[in-house]
>>> print(open('final-v8.csv').read())   # CSV, C-alpha atoms and all ligand atoms
chain,number,residue,atom,x,y,z
H,23,MET,CA,-33.3,-7.2,0.5
H,24,ALA,CA,-30.0,-5.3,0.6
H,25,THR,CA,-29.6,-1.7,-0.2
H,26,ILE,CA,-27.7,-1.5,-3.5
H,27,ILE,CA,-25.0,1.1,-3.0
H,28,ASP,CA,-24.9,3.0,-6.2
H,29,GLY,CA,-21.4,4.4,-6.9
H,30,ARG,CA,-22.6,6.1,-10.0
H,31,VAL,CA,-25.1,8.2,-8.0
H,32,VAL,CA,-22.6,9.1,-5.3
H,33,SER,CA,-19.9,9.9,-7.9
H,34,ALA,CA,-22.4,12.1,-9.8
H,35,SER,CA,-23.3,14.1,-6.7
H,36,ILE,CA,-19.6,14.6,-5.8
H,37,ARG,CA,-18.8,15.7,-9.4
H,38,GLU,CA,-21.7,18.2,-9.3
H,39,SER,CA,-20.2,19.9,-6.2
H,40,LEU,CA,-16.7,19.8,-7.9
H,41,SER,CA,-18.1,21.5,-11.0
H,42,ARG,CA,-19.4,24.3,-8.7
H,43,GLU,CA,-16.0,24.7,-7.1
H,44,VAL,CA,-14.4,24.9,-10.5
H,45,GLN,CA,-16.8,27.6,-11.6
H,46,THR,CA,-15.9,29.6,-8.5
H,47,LEU,CA,-12.2,29.3,-9.2
H,48,VAL,CA,-12.7,30.3,-12.9
H,49,SER,CA,-14.9,33.3,-11.8
H,50,GLN,CA,-12.0,34.5,-9.7
H,51,GLY,CA,-9.8,34.5,-12.9
H,52,LEU,CA,-7.9,31.3,-11.8
H,53,ARG,CA,-7.0,28.3,-14.0
H,54,PRO,CA,-9.1,25.2,-13.4
H,55,PRO,CA,-7.4,22.0,-12.0
H,56,HIS,CA,-5.3,20.1,-14.5
H,57,LEU,CA,-4.7,16.4,-14.3
H,58,VAL,CA,-2.2,14.5,-16.5
H,59,ALA,CA,-2.4,10.7,-16.9
H,60,ILE,CA,0.5,8.8,-18.4
H,61,LEU,CA,-0.6,5.6,-20.2
H,62,VAL,CA,2.0,3.1,-21.4
H,63,GLY,CA,1.2,0.3,-23.9
H,64,ASN,CA,-2.2,-0.8,-25.0
H,65,ASP,CA,-3.7,-2.9,-22.2
H,66,GLY,CA,-7.5,-2.8,-22.7
H,67,GLY,CA,-8.4,-2.3,-19.1
H,68,SER,CA,-5.9,0.5,-18.6
H,69,GLN,CA,-7.1,2.3,-21.7
H,70,THR,CA,-10.7,2.1,-20.5
H,71,TYR,CA,-9.8,3.4,-17.0
H,72,VAL,CA,-7.7,6.3,-18.3
H,73,GLY,CA,-10.3,7.2,-20.9
H,74,ALA,CA,-12.9,7.3,-18.1
H,75,LYS,CA,-10.7,9.5,-16.0
H,76,GLU,CA,-10.1,11.9,-18.9
H,77,LYS,CA,-13.8,12.1,-19.6
H,78,ALA,CA,-14.7,12.8,-16.0
H,79,CYS,CA,-12.1,15.6,-15.8
H,80,HIS,CA,-13.7,17.3,-18.8
H,81,GLU,CA,-17.2,16.8,-17.3
H,82,VAL,CA,-16.4,18.7,-14.1
H,83,GLY,CA,-14.5,21.5,-16.0
H,84,PHE,CA,-10.9,20.3,-15.2
H,85,LEU,CA,-8.2,20.2,-17.8
H,86,GLY,CA,-7.4,16.5,-18.5
H,87,THR,CA,-4.5,15.4,-20.6
H,88,VAL,CA,-3.4,11.8,-21.5
H,89,ILE,CA,0.2,11.2,-22.5
H,90,ARG,CA,0.6,7.9,-24.3
H,91,TYR,CA,3.7,5.8,-24.8
H,92,PRO,CA,4.3,2.5,-26.6
H,93,ASP,CA,5.3,-0.4,-24.3
H,94,THR,CA,8.8,0.0,-25.6
H,95,VAL,CA,9.4,3.2,-23.7
H,96,THR,CA,12.4,3.2,-21.4
H,97,GLU,CA,12.3,3.9,-17.7
H,98,GLU,CA,14.6,6.8,-18.3
H,99,GLU,CA,12.2,8.4,-20.8
H,100,LEU,CA,9.3,8.0,-18.4
H,101,LEU,CA,11.3,9.4,-15.4
H,102,GLU,CA,12.3,12.4,-17.6
H,103,LYS,CA,8.6,13.1,-18.4
H,104,VAL,CA,7.6,12.8,-14.8
H,105,ASN,CA,10.3,15.2,-13.8
H,106,GLU,CA,9.2,17.7,-16.4
H,107,ILE,CA,5.6,17.6,-15.2
H,108,ASN,CA,6.8,17.9,-11.6
H,109,HIS,CA,8.3,21.3,-12.5
H,110,ASN,CA,5.3,22.5,-14.7
H,111,ASP,CA,3.2,24.8,-12.6
H,112,GLN,CA,0.3,24.5,-15.1
H,113,ILE,CA,-0.2,20.9,-14.0
H,114,ASP,CA,-1.6,20.0,-10.5
H,115,GLY,CA,-2.0,16.2,-10.6
H,116,LEU,CA,-0.1,13.4,-12.3
H,117,ILE,CA,-1.0,9.7,-12.4
H,118,VAL,CA,0.9,6.9,-14.1
H,119,GLN,CA,-1.5,4.1,-14.9
H,120,LEU,CA,-0.4,0.8,-13.5
H,121,PRO,CA,0.6,-1.9,-14.4
H,122,LEU,CA,3.7,-0.8,-16.3
H,123,PRO,CA,5.7,-3.2,-18.6
H,124,LYS,CA,8.0,-5.5,-16.8
H,125,HIS,CA,11.2,-3.7,-17.8
H,126,ILE,CA,10.1,-0.6,-15.9
H,127,ASN,CA,10.3,-0.4,-12.1
H,128,GLU,CA,6.9,0.8,-11.0
H,129,ASN,CA,8.1,1.8,-7.5
H,130,ARG,CA,10.9,4.0,-9.0
H,131,VAL,CA,8.3,5.7,-11.3
H,132,THR,CA,5.8,6.2,-8.4
H,133,LEU,CA,8.5,7.7,-6.2
H,134,ALA,CA,9.6,10.1,-8.9
H,135,ILE,CA,6.2,11.9,-8.8
H,136,ALA,CA,6.2,15.0,-6.6
H,137,PRO,CA,4.1,14.0,-3.5
H,138,GLU,CA,2.0,17.2,-3.9
H,139,LYS,CA,1.0,16.1,-7.5
H,140,ASP,CA,0.6,12.4,-6.6
H,141,VAL,CA,-3.3,12.4,-6.8
H,142,ASP,CA,-3.4,8.6,-6.7
H,143,GLY,CA,-1.8,8.8,-3.2
H,144,PHE,CA,0.7,6.0,-4.0
H,145,HIS,CA,3.9,7.9,-3.1
H,146,ASP,CA,5.7,6.8,0.2
H,147,VAL,CA,5.2,10.4,1.5
H,148,ASN,CA,1.4,10.2,1.1
H,149,MET,CA,1.3,6.6,2.4
H,150,GLY,CA,3.4,7.7,5.4
H,151,ARG,CA,1.1,10.6,6.1
H,152,LEU,CA,-1.9,8.3,5.8
H,153,THR,CA,-0.3,5.9,8.3
H,154,LYS,CA,0.3,8.7,10.8
H,155,GLY,CA,-3.2,10.2,10.3
H,156,ALA,CA,-1.6,13.4,9.0
H,157,ASP,CA,-3.0,15.6,6.2
H,158,GLY,CA,-1.9,14.3,2.8
H,159,ILE,CA,-3.3,12.9,-0.5
H,160,LYS,CA,-5.3,9.8,0.2
H,161,PRO,CA,-5.2,6.8,-2.2
H,162,ALA,CA,-8.1,7.4,-4.6
H,163,THR,CA,-10.0,4.0,-4.4
H,164,PRO,CA,-10.0,3.6,-0.6
H,165,TYR,CA,-10.8,7.3,-0.2
H,166,GLY,CA,-13.6,6.9,-2.7
H,167,ILE,CA,-15.0,4.0,-0.7
H,168,THR,CA,-15.1,6.1,2.5
H,169,LEU,CA,-16.9,8.8,0.6
H,170,MET,CA,-19.5,6.2,-0.5
H,171,LEU,CA,-20.0,4.9,3.1
H,172,LYS,CA,-20.4,8.5,4.3
H,173,HIS,CA,-23.0,9.2,1.6
H,174,TYR,CA,-25.1,6.2,2.6
H,175,GLY,CA,-24.8,7.0,6.3
H,176,ILE,CA,-23.1,3.7,7.0
H,177,PRO,CA,-21.2,4.1,10.3
H,178,THR,CA,-17.7,2.6,10.7
H,179,GLU,CA,-17.0,3.6,14.3
H,180,GLY,CA,-16.7,0.5,16.6
H,181,LYS,CA,-17.5,-1.8,13.7
H,182,HIS,CA,-15.5,-4.9,12.8
H,183,VAL,CA,-14.2,-4.5,9.3
H,184,VAL,CA,-12.5,-7.3,7.4
H,185,VAL,CA,-10.4,-6.2,4.4
H,186,ILE,CA,-9.5,-9.1,2.1
H,187,GLY,CA,-6.3,-8.3,0.2
H,188,ARG,CA,-3.2,-6.4,1.3
H,189,SER,CA,-2.2,-4.5,-1.9
H,190,ASN,CA,-0.5,-1.1,-1.8
H,191,ILE,CA,-3.3,0.3,-4.0
H,192,VAL,CA,-6.4,-0.8,-2.0
H,193,GLY,CA,-6.2,-3.3,0.8
H,194,ARG,CA,-3.4,-1.9,2.9
H,195,PRO,CA,-4.4,1.8,2.7
H,196,MET,CA,-8.1,0.9,3.1
H,197,SER,CA,-7.3,-0.8,6.4
H,198,ILE,CA,-5.4,2.2,7.6
H,199,LEU,CA,-8.1,4.7,6.6
H,200,LEU,CA,-10.8,2.8,8.4
H,201,SER,CA,-8.9,2.3,11.6
H,202,ASN,CA,-7.7,6.0,11.8
H,203,PRO,CA,-9.6,8.4,13.9
H,204,GLY,CA,-12.3,10.3,12.1
H,205,GLU,CA,-15.8,10.3,10.7
H,206,THR,CA,-15.2,7.3,8.4
H,207,GLY,CA,-12.7,5.6,10.6
H,208,ASN,CA,-12.5,4.3,14.2
H,209,ALA,CA,-13.2,0.8,13.0
H,210,THR,CA,-11.6,-2.4,14.3
H,211,VAL,CA,-9.9,-3.7,11.2
H,212,THR,CA,-8.7,-7.2,10.3
H,213,VAL,CA,-6.6,-7.6,7.1
H,214,CYS,CA,-7.0,-11.1,5.6
H,215,HIS,CA,-4.9,-12.3,2.6
H,216,SER,CA,-3.7,-15.4,0.7
H,217,ARG,CA,-1.9,-16.7,3.8
H,218,THR,CA,-4.8,-16.4,6.2
H,219,PRO,CA,-6.1,-19.8,7.4
H,220,ASN,CA,-9.8,-20.1,8.0
H,221,LEU,CA,-10.5,-16.8,6.2
H,222,SER,CA,-14.2,-17.4,6.3
H,223,TRP,CA,-14.2,-17.4,10.1
H,224,PHE,CA,-13.1,-13.7,9.9
H,225,THR,CA,-15.6,-12.8,7.2
H,226,GLN,CA,-18.4,-14.5,9.2
H,227,HIS,CA,-17.6,-12.2,12.1
H,228,ALA,CA,-17.4,-9.0,10.1
H,229,ASP,CA,-19.9,-6.1,10.1
H,230,ILE,CA,-18.3,-4.6,7.0
H,231,ILE,CA,-16.3,-6.6,4.4
H,232,VAL,CA,-14.1,-4.9,1.7
H,233,ALA,CA,-13.2,-7.6,-0.9
H,234,ALA,CA,-10.1,-6.5,-2.8
H,235,LEU,CA,-8.2,-9.6,-3.7
H,236,GLY,CA,-8.9,-9.9,-7.4
H,237,LYS,CA,-10.5,-13.3,-7.5
H,238,PRO,CA,-13.9,-13.3,-9.2
H,239,GLY,CA,-16.8,-14.5,-7.1
H,240,PHE,CA,-14.5,-15.4,-4.1
H,241,LEU,CA,-16.8,-14.2,-1.3
H,242,THR,CA,-19.9,-16.4,-1.2
H,243,GLY,CA,-23.1,-16.2,0.9
H,244,ASP,CA,-22.0,-18.9,3.4
H,245,MET,CA,-18.9,-16.7,4.3
H,246,VAL,CA,-20.9,-13.7,5.6
H,247,LYS,CA,-23.2,-13.0,8.5
H,248,GLU,CA,-26.8,-11.6,8.2
H,249,GLY,CA,-26.9,-7.8,7.9
H,250,CYS,CA,-23.3,-7.2,6.9
H,251,VAL,CA,-22.2,-4.4,4.5
H,252,VAL,CA,-20.2,-5.7,1.5
H,253,ILE,CA,-17.9,-3.5,-0.6
H,254,ASP,CA,-16.7,-5.2,-3.8
H,255,VAL,CA,-13.4,-3.8,-5.3
H,256,GLY,CA,-12.9,-6.6,-7.8
H,257,THR,CA,-12.8,-5.8,-11.5
H,258,THR,CA,-11.6,-8.9,-13.3
H,259,ARG,CA,-12.5,-9.4,-17.0
H,260,VAL,CA,-14.0,-12.8,-17.5
H,261,ASP,CA,-14.9,-14.4,-20.8
H,262,ASP,CA,-18.6,-14.0,-21.7
H,263,PRO,CA,-19.6,-14.9,-25.2
H,264,THR,CA,-23.1,-13.4,-24.7
H,265,LYS,CA,-21.5,-10.0,-24.5
H,266,LYS,CA,-20.6,-7.9,-27.5
H,267,ALA,CA,-17.0,-7.4,-26.2
H,268,GLY,CA,-16.7,-11.2,-25.4
H,269,TRP,CA,-16.1,-10.4,-21.7
H,270,ARG,CA,-17.8,-8.9,-18.7
H,271,LEU,CA,-16.5,-7.3,-15.5
H,272,CYS,CA,-16.6,-9.6,-12.5
H,273,GLY,CA,-16.3,-8.6,-8.9
H,274,ASP,CA,-14.7,-10.5,-6.0
H,275,VAL,CA,-18.2,-11.1,-4.5
H,276,ASP,CA,-20.7,-13.7,-5.6
H,277,PHE,CA,-23.5,-11.2,-5.7
H,278,ALA,CA,-26.3,-13.8,-6.1
H,279,SER,CA,-25.5,-15.6,-2.8
H,280,VAL,CA,-24.3,-12.6,-0.7
H,281,GLU,CA,-26.9,-10.0,-1.5
H,282,PRO,CA,-29.8,-11.8,0.2
H,283,LYS,CA,-27.8,-11.8,3.5
H,284,ALA,CA,-26.3,-8.3,3.3
H,285,SER,CA,-27.9,-5.1,4.5
H,286,ALA,CA,-26.0,-3.1,1.8
H,287,ILE,CA,-23.8,-4.2,-1.1
H,288,THR,CA,-22.0,-2.6,-4.0
H,289,PRO,CA,-22.6,-4.0,-7.5
H,290,VAL,CA,-19.9,-4.6,-10.2
H,291,PRO,CA,-19.9,-2.5,-12.4
H,292,GLY,CA,-21.4,0.7,-10.9
H,293,GLY,CA,-20.1,0.4,-7.4
H,294,VAL,CA,-16.6,1.1,-6.4
H,295,GLY,CA,-15.3,1.9,-9.9
H,296,PRO,CA,-17.0,5.3,-10.3
H,297,MET,CA,-15.8,6.2,-6.7
H,298,THR,CA,-12.1,5.7,-7.7
H,299,ILE,CA,-12.6,8.5,-10.2
H,300,ALA,CA,-14.5,10.6,-7.7
H,301,GLY,CA,-11.6,10.2,-5.2
H,302,LEU,CA,-9.1,11.1,-7.9
H,303,LEU,CA,-11.0,14.3,-8.9
H,304,VAL,CA,-11.4,15.4,-5.3
H,305,ASN,CA,-7.6,14.9,-4.8
H,306,THR,CA,-6.9,16.9,-8.0
H,307,LEU,CA,-8.9,19.9,-6.8
H,308,LYS,CA,-7.2,19.6,-3.4
H,309,ALA,CA,-3.8,19.7,-5.2
H,310,ARG,CA,-4.9,22.7,-7.2
H,311,LYS,CA,-6.0,24.6,-4.1
H,312,ALA,CA,-2.7,23.8,-2.4
H,313,SER,CA,-0.8,25.1,-5.4
H,314,ILE,CA,-2.9,28.4,-5.4
H,315,GLU,CA,-2.1,28.8,-1.7
H,316,ALA,CA,1.6,28.1,-2.2
H,317,HIS,CA,1.8,30.7,-5.0
H,318,THR,CA,-0.1,33.4,-3.1
H,319,ALA,CA,1.6,32.9,0.3
H,401,LIG,N1,-4.2,0.5,-11.8
H,401,LIG,C1,-5.3,0.0,-11.2
H,401,LIG,N2,-5.9,0.9,-10.4
H,401,LIG,C2,-5.2,2.0,-10.6
H,401,LIG,C3,-5.3,3.3,-10.0
H,401,LIG,O1,-6.2,3.7,-9.2
H,401,LIG,N3,-4.3,4.2,-10.4
H,401,LIG,C4,-3.3,3.9,-11.3
H,401,LIG,N4,-2.4,4.9,-11.6
H,401,LIG,N5,-3.2,2.7,-11.8
H,401,LIG,C5,-4.1,1.8,-11.4
>>> encode(input="final-v8.csv", output="structure tokens")
Amino acid sequence: MATIIDGRVVSASIRESLSREVQTLVSQGLRPPHLVAILVGNDGGSQTYVGAKEKACHEVGFLGTVIRYPDTVTEEELLEKVNEINHNDQIDGLIVQLPLPKHINENRVTLAIAPEKDVDGFHDVNMGRLTKGADGIKPATPYGITLMLKHYGIPTEGKHVVVIGRSNIVGRPMSILLSNPGETGNATVTVCHSRTPNLSWFTQHADIIVAALGKPGFLTGDMVKEGCVVIDVGTTRVDDPTKKAGWRLCGDVDFASVEPKASAITPVPGGVGPMTIAGLLVNTLKARKASIEAHTA
């Protein structure tokens, strides 16, 4: 029987300690952290995620604002708004929910965000700092996963970690974080992807697997060894007529066949999802503290 790694519990404990830190700031007469999210269009998933981020901000006492645009917004309009927020010292963190409509260059928008307000950790400056093991803002989802491993006392040092997927948002930064020196690093990391032959050979030799490829039920029991730790980052909506919404969230892991072999595993939903938000909130408080320091120096 595997330990079910409960992201909701870990996230709640992190949010409690963030609430206390906000109370301390406010008791010193300082403004709480302020996160702004830009949401373009009406993609159902993006609306749900941004709504959850806004709600989490308010729960811990942050200011949280969502700026909505129709999917006809131009890249110039978006860049202008990003620039305005960059110069607004009442705002500490800015995220632009991805994906953006095809006529907008996501990279250009991401790079327009001031690195010190980039609480998603997507900017080249923050990715560069991550790669060098320097202090910066860490990508929210991979960072959240390390917080979860730490909470459950799952060591990474000397372990063989297989990351499936090489996206800029999860797979690539996850592989860097886990191989960097540090408490939740020092692992030997293999990055597998769509061009990896015999992918199951790698997963069968992994102590920890992070599945982040976006293919529902991809990782099956025959692909893992006894006692492995499995982190499922997948969040694909699949049709399910038995659900009120007509769909359910499906991870990249076939839970039914992997769980009996694993020593610990994250469920979907309720695993990594809440940790992305926890990572984002921790980053926003960090940005707020840096801004306070910059203004009092
Ligand atoms: N789209 C999917 N995941 C994320 C995320 O963590 N941040 C943003 N901004 N967009 C996303």
>>> closest_atom_pairs(input="final-v8.csv", of="chain H", to="ligand LIG 401 (chain H)", cutoff="6 Å", atoms="only C-alpha atoms and all ligand atoms", output="tab-separated table")
residue	atom	partner	partner_atom	distance
H:Ile117	CA	H:LIG401	N4	5.1
H:Val118	CA	H:LIG401	N4	4.6
H:Gln119	CA	H:LIG401	N4	3.5
H:Leu120	CA	H:LIG401	N5	3.8
H:Pro121	CA	H:LIG401	N1	6.0
H:Asp142	CA	H:LIG401	N3	5.8
>>> closest_residue(input="final-v8.csv", among="H:Val44, H:Val147, H:Ile60, H:Leu271", to="H:His80", atoms="only C-alpha atoms")
H:Val44
>>> atom_distance(input="final-v8.csv", atom1="atom CA of H:Val232", atom2="atom CA of H:Val255")
7.1 Å
>>> residues_around(input="final-v8.csv", residues="H:Glu281", least_positions_apart="3", cutoff="8 Å", atoms="only C-alpha atoms", output="list in words")
Met23, Ala24, Gly243, Phe277, Ala278, Ala284, Ser285, Ala286 and Ile287 of chain H
>>> closest_residue(input="final-v8.csv", among="H:Asp140, H:Glu205, H:Asp93, H:Asp244", to="H:Asn108", atoms="only C-alpha atoms")
H:Asp140
>>> residues_around(input="final-v8.csv", residues="H:Lys237", least_positions_apart="5", cutoff="10 Å", atoms="all atoms listed in the file", output="NGL selection string")
:H and (256-258 or 272-275)
>>> closest_residue(input="final-v8.csv", among="H:Ala134, H:Ile186, H:Leu171, H:Leu307", to="H:Thr288", atoms="all atoms listed in the file")
H:Leu171
>>> residues_around(input="final-v8.csv", residues="H:Val62", least_positions_apart="6", cutoff="8 Å", atoms="all atoms listed in the file", output="list in words")
Arg90, Tyr91, Pro92, Asp93, Val95, Gln119, Leu122 and Pro123 of chain H
>>> write_last_selection(input="final-v8.csv", atoms="C-alpha atoms", output="PDB file, in the coordinates of the input")
ATOM      1  CA  ARG H  90       0.600   7.900 -24.300  1.00  0.00           C
ATOM      2  CA  TYR H  91       3.700   5.800 -24.800  1.00  0.00           C
ATOM      3  CA  PRO H  92       4.300   2.500 -26.600  1.00  0.00           C
ATOM      4  CA  ASP H  93       5.300  -0.400 -24.300  1.00  0.00           C
ATOM      5  CA  VAL H  95       9.400   3.200 -23.700  1.00  0.00           C
ATOM      6  CA  GLN H 119      -1.500   4.100 -14.900  1.00  0.00           C
ATOM      7  CA  LEU H 122       3.700  -0.800 -16.300  1.00  0.00           C
ATOM      8  CA  PRO H 123       5.700  -3.200 -18.600  1.00  0.00           C
TER       9      PRO H 123
END
>>> atom_distance(input="final-v8.csv", atom1="atom CA of H:Gly295", atom2="atom CA of H:Glu38")
17.5 Å
>>> closest_residue(input="final-v8.csv", among="H:Ile159, H:Ile231, H:Gln226, H:Cys250", to="H:Val183", atoms="all atoms listed in the file")
H:Ile231
>>> atom_distance(input="final-v8.csv", atom1="atom CA of H:Asn129", atom2="atom CA of H:Ala316")
27.6 Å
>>> decode(input="final-v8.csv", residues="stretch 190-204 of chain H", atoms="N, CA, C and O atoms", output="tab-separated table (two decimals), in the first residue's frame")
chain	number	residue	atom	x	y	z
H	190	ASN	N	9.11	23.74	-20.84
H	190	ASN	CA	9.73	24.85	-20.12
H	190	ASN	C	9.05	25.10	-18.78
H	190	ASN	O	9.63	25.68	-17.88
H	191	ILE	N	7.78	24.69	-18.67
H	191	ILE	CA	7.02	24.99	-17.45
H	191	ILE	C	7.29	23.96	-16.35
H	191	ILE	O	7.38	24.29	-15.19
H	192	VAL	N	7.43	22.69	-16.73
H	192	VAL	CA	7.59	21.65	-15.70
H	192	VAL	C	8.85	20.78	-15.89
H	192	VAL	O	9.77	20.82	-15.09
H	193	GLY	N	8.87	19.98	-16.94
H	193	GLY	CA	9.91	18.95	-17.06
H	193	GLY	C	11.33	19.48	-16.96
H	193	GLY	O	12.13	19.01	-16.14
H	194	ARG	N	11.63	20.46	-17.81
H	194	ARG	CA	13.02	20.98	-17.83
H	194	ARG	C	13.43	21.60	-16.49
H	194	ARG	O	14.43	21.18	-15.90
H	195	PRO	N	12.64	22.59	-15.97
H	195	PRO	CA	13.06	23.15	-14.67
H	195	PRO	C	13.04	22.13	-13.54
H	195	PRO	O	13.87	22.20	-12.63
H	196	MET	N	12.13	21.15	-13.58
H	196	MET	CA	12.09	20.11	-12.55
H	196	MET	C	13.41	19.35	-12.53
H	196	MET	O	13.99	19.06	-11.47
H	197	SER	N	13.92	19.01	-13.72
H	197	SER	CA	15.15	18.23	-13.82
H	197	SER	C	16.33	19.03	-13.26
H	197	SER	O	17.23	18.47	-12.62
H	198	ILE	N	16.29	20.34	-13.46
H	198	ILE	CA	17.40	21.19	-12.98
H	198	ILE	C	17.35	21.31	-11.44
H	198	ILE	O	18.35	21.14	-10.75
H	199	LEU	N	16.13	21.59	-10.93
H	199	LEU	CA	15.98	21.73	-9.46
H	199	LEU	C	16.46	20.48	-8.73
H	199	LEU	O	17.16	20.56	-7.72
H	200	LEU	N	16.07	19.31	-9.25
H	200	LEU	CA	16.39	18.07	-8.55
H	200	LEU	C	17.87	17.69	-8.65
H	200	LEU	O	18.37	16.95	-7.81
H	201	SER	N	18.53	18.20	-9.67
H	201	SER	CA	19.97	17.85	-9.79
H	201	SER	C	20.85	18.92	-9.16
H	201	SER	O	22.04	18.68	-8.91
H	202	ASN	N	20.29	20.11	-8.87
H	202	ASN	CA	21.08	21.15	-8.21
H	202	ASN	C	21.48	20.70	-6.81
H	202	ASN	O	20.81	19.86	-6.21
H	203	PRO	N	22.55	21.32	-6.28
H	203	PRO	CA	22.85	21.04	-4.88
H	203	PRO	C	21.72	21.55	-3.99
H	203	PRO	O	21.01	22.47	-4.39
H	204	GLY	N	21.53	20.95	-2.84
H	204	GLY	CA	20.50	21.44	-1.91
H	204	GLY	C	19.68	20.33	-1.33
H	204	GLY	O	19.75	19.18	-1.76
